[in-house]
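start10.cif, holding mmCIF, C-alpha atoms:
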data_query
#
loop_
_atom_site.label_atom_id
_atom_site.label_comp_id
_atom_site.auth_asym_id
_atom_site.auth_seq_id
_atom_site.Cartn_x
_atom_site.Cartn_y
_atom_site.Cartn_z
CA MET A 1 -30.94 0.10 -40.94
CA PRO A 2 -30.85 -3.62 -40.05
CA VAL A 3 -27.47 -5.19 -39.60
CA THR A 4 -26.92 -8.76 -40.81
CA PRO A 5 -23.37 -9.75 -39.92
CA PRO A 6 -21.99 -12.90 -41.51
CA ARG A 7 -22.62 -15.99 -39.47
CA PRO A 8 -19.69 -18.06 -38.23
CA LYS A 9 -19.03 -21.06 -40.43
CA GLY A 10 -19.04 -24.59 -39.11
CA PRO A 11 -16.62 -27.30 -40.23
CA PRO A 12 -17.21 -28.75 -43.72
CA LEU A 13 -19.68 -31.66 -43.68
CA ASN A 14 -17.50 -33.74 -46.02
CA ALA A 15 -14.56 -33.30 -43.68
CA LEU A 16 -16.68 -34.44 -40.73
CA ARG A 17 -17.77 -37.46 -42.77
CA ALA A 18 -14.13 -38.26 -43.57
CA PHE A 19 -13.20 -38.04 -39.89
CA GLU A 20 -16.11 -40.25 -38.78
CA ALA A 21 -15.28 -42.93 -41.36
CA ALA A 22 -11.57 -42.92 -40.51
CA ALA A 23 -12.27 -43.02 -36.76
CA ARG A 24 -14.88 -45.78 -37.06
CA LEU A 25 -12.74 -47.92 -39.39
CA GLY A 26 -9.41 -47.10 -37.75
CA SER A 27 -7.74 -46.37 -41.08
CA PHE A 28 -7.47 -43.50 -43.58
CA ALA A 29 -7.17 -46.04 -46.40
CA LYS A 30 -10.34 -47.92 -45.40
CA ALA A 31 -12.18 -44.63 -45.01
CA GLY A 32 -11.06 -43.68 -48.50
CA GLU A 33 -12.41 -46.96 -49.86
CA GLU A 34 -15.78 -46.41 -48.21
CA LEU A 35 -16.08 -42.82 -49.44
CA SER A 36 -14.51 -43.48 -52.88
CA VAL A 37 -11.59 -41.10 -52.38
CA THR A 38 -7.89 -41.57 -51.73
CA ALA A 39 -6.33 -41.96 -48.30
CA GLY A 40 -4.53 -38.67 -48.99
CA ALA A 41 -7.85 -36.89 -49.51
CA ILE A 42 -9.10 -38.28 -46.19
CA SER A 43 -5.94 -37.01 -44.49
CA GLN A 44 -6.39 -33.52 -45.94
CA GLN A 45 -10.04 -33.35 -44.88
CA ILE A 46 -9.15 -34.40 -41.35
CA LYS A 47 -6.47 -31.70 -41.24
CA GLN A 48 -9.24 -29.21 -42.09
CA ILE A 49 -11.24 -30.37 -39.08
CA GLU A 50 -8.18 -30.26 -36.83
CA ALA A 51 -7.34 -26.74 -38.02
CA TRP A 52 -10.93 -25.59 -37.43
CA ALA A 53 -11.00 -27.08 -33.92
CA GLY A 54 -7.43 -26.14 -33.08
CA THR A 55 -6.64 -29.61 -31.75
CA ALA A 56 -5.32 -32.93 -33.01
CA LEU A 57 -7.91 -35.66 -33.52
CA PHE A 58 -5.50 -38.43 -34.55
CA GLU A 59 -2.06 -39.51 -33.52
CA ARG A 60 -0.06 -40.32 -36.66
CA ARG A 61 2.15 -43.35 -36.02
CA ALA A 62 4.43 -45.46 -38.18
CA GLN A 63 2.06 -48.42 -37.88
CA GLY A 64 -1.11 -46.38 -38.50
CA VAL A 65 -3.30 -43.83 -36.75
CA ALA A 66 -5.02 -43.73 -33.38
CA LEU A 67 -7.65 -41.38 -31.99
CA THR A 68 -6.67 -38.78 -29.44
CA ALA A 69 -8.95 -38.05 -26.48
CA ALA A 70 -10.41 -35.17 -28.49
CA GLY A 71 -11.01 -37.50 -31.42
CA ARG A 72 -12.83 -40.01 -29.23
CA ALA A 73 -15.01 -37.24 -27.82
CA LEU A 74 -15.93 -36.07 -31.33
CA LEU A 75 -16.66 -39.57 -32.63
CA ALA A 76 -19.24 -40.33 -29.91
CA PRO A 77 -21.94 -37.93 -31.24
CA LEU A 78 -20.89 -38.11 -34.90
CA THR A 79 -21.54 -41.82 -35.46
CA PRO A 80 -25.24 -41.76 -34.47
CA ALA A 81 -25.60 -38.44 -36.33
CA PHE A 82 -24.38 -39.96 -39.61
CA ASP A 83 -26.43 -43.10 -38.94
CA ALA A 84 -29.51 -40.87 -38.71
CA LEU A 85 -28.49 -38.97 -41.85
CA SER A 86 -28.11 -42.24 -43.75
CA GLU A 87 -31.54 -43.36 -42.57
CA ALA A 88 -33.04 -40.07 -43.74
CA THR A 89 -31.34 -40.50 -47.13
CA SER A 90 -32.86 -43.98 -47.44
CA VAL A 91 -36.30 -42.57 -46.67
CA LEU A 92 -35.80 -39.86 -49.29
CA ARG A 93 -34.80 -42.44 -51.90
CA SER A 94 -37.90 -44.50 -51.12
CA LEU A 95 -40.13 -41.49 -51.87
CA ALA A 96 -39.11 -41.37 -55.52
CA PRO A 97 -42.01 -42.18 -57.91
CA LYS A 98 -39.86 -44.88 -59.51
CA PRO A 99 -37.45 -46.19 -56.87
CA VAL A 100 -34.08 -47.57 -57.89
CA LEU A 101 -32.68 -50.63 -56.12
CA ASN A 102 -28.89 -50.63 -55.99
CA ILE A 103 -26.99 -53.91 -55.67
CA ALA A 104 -23.29 -54.00 -54.80
CA THR A 105 -21.45 -57.18 -55.70
CA LEU A 106 -18.16 -58.69 -56.81
CA PRO A 107 -17.49 -58.34 -60.56
CA SER A 108 -17.33 -62.15 -60.86
CA ILE A 109 -20.70 -62.58 -59.14
CA ALA A 110 -22.24 -59.86 -61.31
CA GLN A 111 -21.03 -61.53 -64.50
CA LEU A 112 -21.41 -65.22 -63.71
CA TRP A 113 -24.17 -65.57 -61.12
CA LEU A 114 -26.32 -62.45 -61.12
CA GLN A 115 -26.52 -61.60 -64.83
CA PRO A 116 -28.48 -64.74 -65.81
CA ARG A 117 -31.03 -63.87 -63.10
CA LEU A 118 -31.45 -60.17 -63.89
CA GLY A 119 -34.36 -60.60 -66.29
CA THR A 120 -36.45 -62.52 -63.79
CA LEU A 121 -35.44 -60.17 -60.98
CA ARG A 122 -36.40 -57.04 -62.92
CA ALA A 123 -39.74 -58.57 -63.84
CA SER A 124 -40.43 -59.23 -60.15
CA LEU A 125 -39.65 -55.68 -59.06
CA GLY A 126 -42.57 -54.05 -60.81
CA ALA A 127 -42.15 -50.27 -61.02
CA ALA A 128 -38.75 -50.30 -59.33
CA SER A 129 -35.66 -50.29 -61.51
CA LEU A 130 -32.42 -52.08 -60.76
CA SER A 131 -28.80 -50.97 -60.87
CA VAL A 132 -25.76 -53.20 -60.29
CA TYR A 133 -22.39 -51.91 -59.09
CA ALA A 134 -19.22 -54.01 -59.12
CA LEU A 135 -17.12 -53.56 -55.97
CA GLU A 136 -14.17 -55.50 -54.58
CA THR A 137 -15.27 -55.34 -50.93
CA PRO A 138 -18.70 -55.32 -49.28
CA PRO A 139 -19.95 -51.79 -48.55
CA ASP A 140 -21.34 -50.65 -45.22
CA LEU A 141 -25.05 -50.63 -46.02
CA ARG A 142 -25.71 -48.16 -43.22
CA ARG A 143 -23.55 -45.52 -44.91
CA THR A 144 -23.85 -46.14 -48.64
CA PRO A 145 -26.80 -45.87 -51.04
CA PHE A 146 -26.97 -49.63 -51.66
CA ASP A 147 -30.03 -51.72 -50.92
CA CYS A 148 -28.09 -54.95 -50.71
CA SER A 149 -24.66 -56.51 -51.16
CA LEU A 150 -23.88 -59.91 -52.68
CA PHE A 151 -20.43 -61.34 -51.93
CA LEU A 152 -18.55 -64.60 -51.45
CA ARG A 153 -17.58 -64.42 -47.80
CA THR A 154 -17.87 -66.12 -44.45
CA PRO A 155 -21.47 -65.79 -43.21
CA SER A 156 -22.02 -64.00 -39.92
CA TRP A 157 -25.56 -65.44 -39.66
CA ALA A 158 -26.96 -62.01 -38.81
CA ALA A 159 -30.69 -61.47 -39.28
CA GLU A 160 -30.17 -59.25 -42.33
CA GLU A 161 -28.13 -61.90 -44.14
CA ARG A 162 -29.28 -64.74 -46.35
CA VAL A 163 -27.03 -67.53 -47.62
CA LEU A 164 -27.92 -68.18 -51.25
CA ALA A 165 -25.34 -70.88 -52.00
CA ARG A 166 -22.49 -72.60 -50.16
CA ASP A 167 -19.06 -72.25 -51.74
CA ALA A 168 -16.65 -75.07 -52.51
CA LEU A 169 -13.40 -75.31 -54.45
CA VAL A 170 -13.39 -77.75 -57.36
CA PRO A 171 -11.11 -78.00 -60.43
CA VAL A 172 -13.04 -77.48 -63.67
CA CYS A 173 -12.03 -77.53 -67.31
CA ALA A 174 -13.27 -78.00 -70.85
CA PRO A 175 -14.35 -81.56 -71.79
CA SER A 176 -11.39 -81.81 -74.17
CA VAL A 177 -8.97 -81.15 -71.29
CA ALA A 178 -10.82 -83.48 -68.92
CA ALA A 179 -10.38 -86.32 -71.43
CA ARG A 180 -6.64 -86.42 -70.72
CA LEU A 181 -6.95 -86.25 -66.92
CA ASN A 182 -7.02 -89.81 -65.62
CA SER A 183 -5.57 -89.18 -62.17
CA LEU A 184 -4.84 -86.29 -59.83
CA GLN A 185 -1.18 -86.51 -60.78
CA ASP A 186 -2.10 -85.55 -64.35
CA LEU A 187 -2.98 -82.08 -63.06
CA THR A 188 0.74 -81.38 -62.57
CA GLY A 189 1.19 -81.21 -66.34
CA GLU A 190 -1.59 -78.70 -66.94
CA THR A 191 -1.74 -74.90 -66.83
CA LEU A 192 -3.52 -73.91 -63.64
CA LEU A 193 -5.93 -70.98 -63.88
CA HIS A 194 -7.07 -68.84 -60.94
CA ASP A 195 -8.12 -65.40 -59.87
CA GLU A 196 -5.33 -63.20 -58.52
CA SER A 197 -7.43 -62.40 -55.44
CA TRP A 198 -7.78 -66.11 -54.69
CA ARG A 199 -4.19 -67.18 -55.28
CA GLU A 200 -4.27 -69.65 -52.37
CA ASP A 201 -7.10 -71.70 -53.90
CA TRP A 202 -4.91 -74.22 -55.73
CA PRO A 203 -2.48 -74.78 -52.82
CA LEU A 204 -5.41 -75.24 -50.39
CA TRP A 205 -7.18 -77.75 -52.60
CA ALA A 206 -3.98 -79.62 -53.49
CA LYS A 207 -2.99 -79.92 -49.82
CA ALA A 208 -6.41 -81.37 -48.97
CA GLN A 209 -5.88 -84.02 -51.68
CA SER A 210 -2.25 -84.72 -50.64
CA LEU A 211 -1.19 -83.57 -54.10
CA THR A 212 2.17 -81.87 -54.59
CA LEU A 213 2.14 -79.26 -57.34
CA PRO A 214 5.58 -78.67 -58.89
CA SER A 215 7.04 -75.20 -58.31
CA GLU A 216 7.78 -74.83 -62.03
CA GLN A 217 4.20 -75.59 -63.06
CA ALA A 218 2.56 -73.16 -65.49
CA HIS A 219 0.01 -70.78 -63.99
CA ALA A 220 -2.28 -68.17 -65.50
CA ARG A 221 -3.56 -65.47 -63.14
CA TYR A 222 -6.47 -63.13 -63.80
CA SER A 223 -7.84 -59.97 -62.21
CA LEU A 224 -11.25 -60.89 -63.68
CA TYR A 225 -12.56 -64.29 -62.67
CA ALA A 226 -14.99 -64.30 -65.60
CA LEU A 227 -12.02 -64.15 -67.97
CA ALA A 228 -10.46 -67.15 -66.23
CA VAL A 229 -13.74 -69.03 -66.70
CA ALA A 230 -13.78 -68.10 -70.39
CA ASP A 231 -10.22 -69.40 -70.84
CA ALA A 232 -11.14 -72.62 -69.04
CA LYS A 233 -14.09 -73.09 -71.42
CA ALA A 234 -11.70 -72.52 -74.34
CA GLY A 235 -9.44 -75.34 -73.12
CA PHE A 236 -6.51 -73.18 -72.05
CA GLY A 237 -6.07 -74.93 -68.71
CA VAL A 238 -7.72 -76.15 -65.51
CA LEU A 239 -9.50 -73.56 -63.38
CA MET A 240 -9.91 -73.76 -59.64
CA GLY A 241 -13.63 -73.15 -59.60
CA HIS A 242 -15.78 -71.56 -56.93
CA LEU A 243 -18.90 -73.68 -57.20
CA PRO A 244 -21.55 -70.89 -57.19
CA LEU A 245 -19.65 -69.13 -60.00
CA VAL A 246 -19.09 -72.15 -62.26
CA GLN A 247 -22.30 -74.08 -61.57
CA GLN A 248 -24.09 -72.76 -64.65
CA ALA A 249 -21.20 -73.77 -66.92
CA LEU A 250 -21.18 -77.22 -65.29
CA ASP A 251 -24.93 -77.52 -65.87
CA THR A 252 -24.57 -76.66 -69.58
CA GLY A 253 -21.56 -78.94 -70.05
CA GLU A 254 -19.25 -76.10 -71.13
CA LEU A 255 -17.12 -77.06 -68.13
CA VAL A 256 -16.75 -80.39 -66.35
CA ALA A 257 -15.31 -81.37 -62.98
CA PRO A 258 -12.89 -84.21 -63.83
CA PHE A 259 -12.55 -85.20 -60.17
CA ASP A 260 -15.44 -85.41 -57.71
CA LEU A 261 -13.42 -83.74 -54.99
CA ALA A 262 -15.07 -80.49 -53.98
CA LEU A 263 -13.46 -78.82 -50.96
CA PRO A 264 -15.78 -76.61 -48.84
CA SER A 265 -14.16 -73.20 -48.54
CA GLY A 266 -16.09 -72.08 -45.46
CA LYS A 267 -17.52 -69.22 -47.51
CA ALA A 268 -20.90 -68.73 -49.10
CA LEU A 269 -22.72 -66.49 -51.51
CA VAL A 270 -24.16 -64.10 -48.94
CA LEU A 271 -26.86 -61.52 -49.59
CA GLU A 272 -27.07 -58.72 -47.03
CA GLN A 273 -29.94 -56.25 -47.20
CA SER A 274 -30.12 -52.71 -45.90
CA PRO A 275 -32.57 -52.24 -43.02
CA ALA A 276 -34.34 -49.70 -45.24
CA ALA A 277 -34.75 -52.08 -48.22
CA THR A 278 -38.35 -52.22 -49.44
CA HIS A 279 -38.07 -55.51 -51.38
CA ASP A 280 -37.11 -58.96 -50.13
CA LEU A 281 -34.32 -59.48 -52.66
CA GLY A 282 -33.22 -62.61 -50.83
CA ALA A 283 -36.53 -64.31 -51.58
CA LEU A 284 -36.46 -63.12 -55.20
CA LEU A 285 -32.88 -64.26 -55.84
CA SER A 286 -33.28 -67.65 -54.16
CA SER A 287 -36.54 -68.49 -55.93
#
Encoded form (structure tokens):
Amino acid sequence: MPVTPPRPKGPPLNALRAFEAAARLGSFAKAGEELSVTAGAISQQIKQIEAWAGTALFERRAQGVALTAAGRALLAPLTPAFDALSEATSVLRSLAPKPVLNIATLPSIAQLWLQPRLGTLRASLGAASLSVYALETPPDLRRTPFDCSLFLRTPSWAAEERVLARDALVPVCAPSVAARLNSLQDLTGETLLHDESWREDWPLWAKAQSLTLPSEQAHARYSLYALAVADAKAGFGVLMGHLPLVQQALDTGELVAPFDLALPSGKALVLEQSPAATHDLGALLSS
């Protein structure tokens, strides 16, 4: 009778993916962010690989992790292998009868910049549908199922990037608040609004204007920039605006810039497209 012995098992694919991400990014935490798991989960998956191979792949140090010689040897073939797998996944997604285009962007950009443009964008996509995902950091488009990312960041001027709008810092507020602001010094008596992720915005702008903000001044900090914009519209205080995100409110008059003193931040609203993207979203979003 035929004999079919069990085949030896290879290492788990998810564990190999965890190792490759951690080795490429140099951090268990960053690998966890990319793969949407915790740093602890990454560590456990790497221990699986190390147990299967019988050798250490990382040196665990107080200041972080570093690849061992064995880890470096494993990373060399894994990175192009996962690049090829990602490319194959993109091809598979493009074969769907009704393709879905996935956009990754900051929550504030999704709410304040992208949402007013979604109707026109969907109409331009024809049979393709559109999904928007709010993320805090730009994803690696080679390794994630996103067709493009849209973030406020410093442009790298790579071929796959398109700058949609330059960023600048400018104080904005409701017209009723602007009516009592006759000089820059009047800002010291107002509640200053800003996003918690951009806590240096007010100090940077004030320094550029040679304005000293008192240490006891009232501040309101938000984890959602759109909520800060809403409070500024309601007259709760003066928001340090990022121009691409407040431009629509300035155009409608819901917000005004009491001082014509915009400070370029060095950042821009940058669209990056996956090499496998089938639509020129940059052209559609900038039209």
task: Name the residues that the PyMOL selection byres ((chain A and resi 42-47) around 12) picks from the file above, as a PyMOL selection string, using the file's chain letters and numbers.
output: chain A and resi 11-23+27-41+48-60+65+67+71
I need the residues from that last selection saved to file as a PDB file, keeping the file's coordinate frame (with C-alpha atoms), if you can.
ATOM      1  CA  PRO A  11     -16.620 -27.300 -40.230  1.00  0.00           C
ATOM      2  CA  PRO A  12     -17.210 -28.750 -43.720  1.00  0.00           C
ATOM      3  CA  LEU A  13     -19.680 -31.660 -43.680  1.00  0.00           C
ATOM      4  CA  ASN A  14     -17.500 -33.740 -46.020  1.00  0.00           C
ATOM      5  CA  ALA A  15     -14.560 -33.300 -43.680  1.00  0.00           C
ATOM      6  CA  LEU A  16     -16.680 -34.440 -40.730  1.00  0.00           C
ATOM      7  CA  ARG A  17     -17.770 -37.460 -42.770  1.00  0.00           C
ATOM      8  CA  ALA A  18     -14.130 -38.260 -43.570  1.00  0.00           C
ATOM      9  CA  PHE A  19     -13.200 -38.040 -39.890  1.00  0.00           C
ATOM     10  CA  GLU A  20     -16.110 -40.250 -38.780  1.00  0.00           C
ATOM     11  CA  ALA A  21     -15.280 -42.930 -41.360  1.00  0.00           C
ATOM     12  CA  ALA A  22     -11.570 -42.920 -40.510  1.00  0.00           C
ATOM     13  CA  ALA A  23     -12.270 -43.020 -36.760  1.00  0.00           C
ATOM     14  CA  SER A  27      -7.740 -46.370 -41.080  1.00  0.00           C
ATOM     15  CA  PHE A  28      -7.470 -43.500 -43.580  1.00  0.00           C
ATOM     16  CA  ALA A  29      -7.170 -46.040 -46.400  1.00  0.00           C
ATOM     17  CA  LYS A  30     -10.340 -47.920 -45.400  1.00  0.00           C
ATOM     18  CA  ALA A  31     -12.180 -44.630 -45.010  1.00  0.00           C
ATOM     19  CA  GLY A  32     -11.060 -43.680 -48.500  1.00  0.00           C
ATOM     20  CA  GLU A  33     -12.410 -46.960 -49.860  1.00  0.00           C
ATOM     21  CA  GLU A  34     -15.780 -46.410 -48.210  1.00  0.00           C
ATOM     22  CA  LEU A  35     -16.080 -42.820 -49.440  1.00  0.00           C
ATOM     23  CA  SER A  36     -14.510 -43.480 -52.880  1.00  0.00           C
ATOM     24  CA  VAL A  37     -11.590 -41.100 -52.380  1.00  0.00           C
ATOM     25  CA  THR A  38      -7.890 -41.570 -51.730  1.00  0.00           C
ATOM     26  CA  ALA A  39      -6.330 -41.960 -48.300  1.00  0.00           C
ATOM     27  CA  GLY A  40      -4.530 -38.670 -48.990  1.00  0.00           C
ATOM     28  CA  ALA A  41      -7.850 -36.890 -49.510  1.00  0.00           C
ATOM     29  CA  GLN A  48      -9.240 -29.210 -42.090  1.00  0.00           C
ATOM     30  CA  ILE A  49     -11.240 -30.370 -39.080  1.00  0.00           C
ATOM     31  CA  GLU A  50      -8.180 -30.260 -36.830  1.00  0.00           C
ATOM     32  CA  ALA A  51      -7.340 -26.740 -38.020  1.00  0.00           C
ATOM     33  CA  TRP A  52     -10.930 -25.590 -37.430  1.00  0.00           C
ATOM     34  CA  ALA A  53     -11.000 -27.080 -33.920  1.00  0.00           C
ATOM     35  CA  GLY A  54      -7.430 -26.140 -33.080  1.00  0.00           C
ATOM     36  CA  THR A  55      -6.640 -29.610 -31.750  1.00  0.00           C
ATOM     37  CA  ALA A  56      -5.320 -32.930 -33.010  1.00  0.00           C
ATOM     38  CA  LEU A  57      -7.910 -35.660 -33.520  1.00  0.00           C
ATOM     39  CA  PHE A  58      -5.500 -38.430 -34.550  1.00  0.00           C
ATOM     40  CA  GLU A  59      -2.060 -39.510 -33.520  1.00  0.00           C
ATOM     41  CA  ARG A  60      -0.060 -40.320 -36.660  1.00  0.00           C
ATOM     42  CA  VAL A  65      -3.300 -43.830 -36.750  1.00  0.00           C
ATOM     43  CA  LEU A  67      -7.650 -41.380 -31.990  1.00  0.00           C
ATOM     44  CA  GLY A  71     -11.010 -37.500 -31.420  1.00  0.00           C
TER      45      GLY A  71
END
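Comparing A:Leu125, A:Ile103, A:Ala257, A:Ala84 by their smallest distance to A:Leu271, the closest is A:Ile103 (using only C-alpha atoms).
Reported to one decimal place, the separation of atom CA of A:Ala249 from atom CA of A:Cys173 is 9.9 Å.
Compared by their closest atoms to A:Ala232, and using all atoms listed in the file, the residues A:Leu250, A:Ala168, A:Leu284, A:Ala110 rank with A:Leu250 nearest.
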Explicit residue set for the PyMOL selection byres ((chain A and resi 177) around 10), as a PyMOL selection string: chain A and resi 172-176+178-181+190+232-238+255-256+258
A:Leu261, A:Leu112, A:Leu141, A:Leu135 ranked by distance to A:Ser86, top pick (using all atoms listed in the file): A:Leu141
message: Using only C-alpha atoms and a cutoff of 8 Å, can you tell me which residues are near (-29.5, -48.9, -47.4) in the file's coordinates, and write them out as number ranges by chain?
response: A: 86-87, 90, 141-148, 273-277
- request: Kindly extract all protein, DNA and RNA residues lying within 12 Å of the coordinates (-1.7, -83.8, -60.6) given in the file, considering only C-alpha atoms, and supply them as a PyMOL selection string.
  value: chain A and resi 171+180-192+202-203+205-207+209-214+217+238+258-259
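If you look at atom CA of A:Asp231 and atom CA of A:Glu254, they are 11.2 Å away from each other.
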- line: Computed gap from atom CA of A:Asp260 to atom CA of A:Trp198 is 21.0 Å
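With all atoms listed in the file as the atoms that count, the minimum distance from A:Arg93 to the choices A:Ala128, A:Arg162, A:Ala69, A:Ala123 is reached by A:Ala128.
Comparing A:Arg24, A:Lys9, A:Lys98, A:Lys267 by their smallest distance to A:Val163, the closest is A:Lys267 (using only C-alpha atoms).
Excluding A:Ala127 and any residue on its chain fewer than 5 positions from it, the residues at most 10 Å away by all atoms listed in the file are Pro97, Lys98, Pro99, Val100 and Arg122 of chain A.
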Build an axis-aligned box that encloses every atom of stretch 71-87 of chain A listed in the file, pad it by 5 Å on each side, and report its centre and edge lengths in Å to one decimal, as JSON.
{"center_x": -21.3, "center_y": -39.7, "center_z": -35.8, "size_x": 30.5, "size_y": 17.3, "size_z": 25.9}
query: Contacts of A:Leu263 at 9 Å or less, counting only C-alpha atoms, minus same-chain residues fewer than 6 places along, as a PyMOL selection string?
result: chain A and resi 167-170+204-205+208
query: Using all atoms listed in the file, which residue out of A:Ser223, A:Thr154, A:Thr79, A:Gln248 lies closest to A:Leu269?
result: A:Thr154
message: Once the PyMOL selection byres ((chain A and resi 113) around 9) is applied to the coordinates I shared, what remains selected? I want it as a ChimeraX atom specification.
response: /A:108-112,114-117,244-248
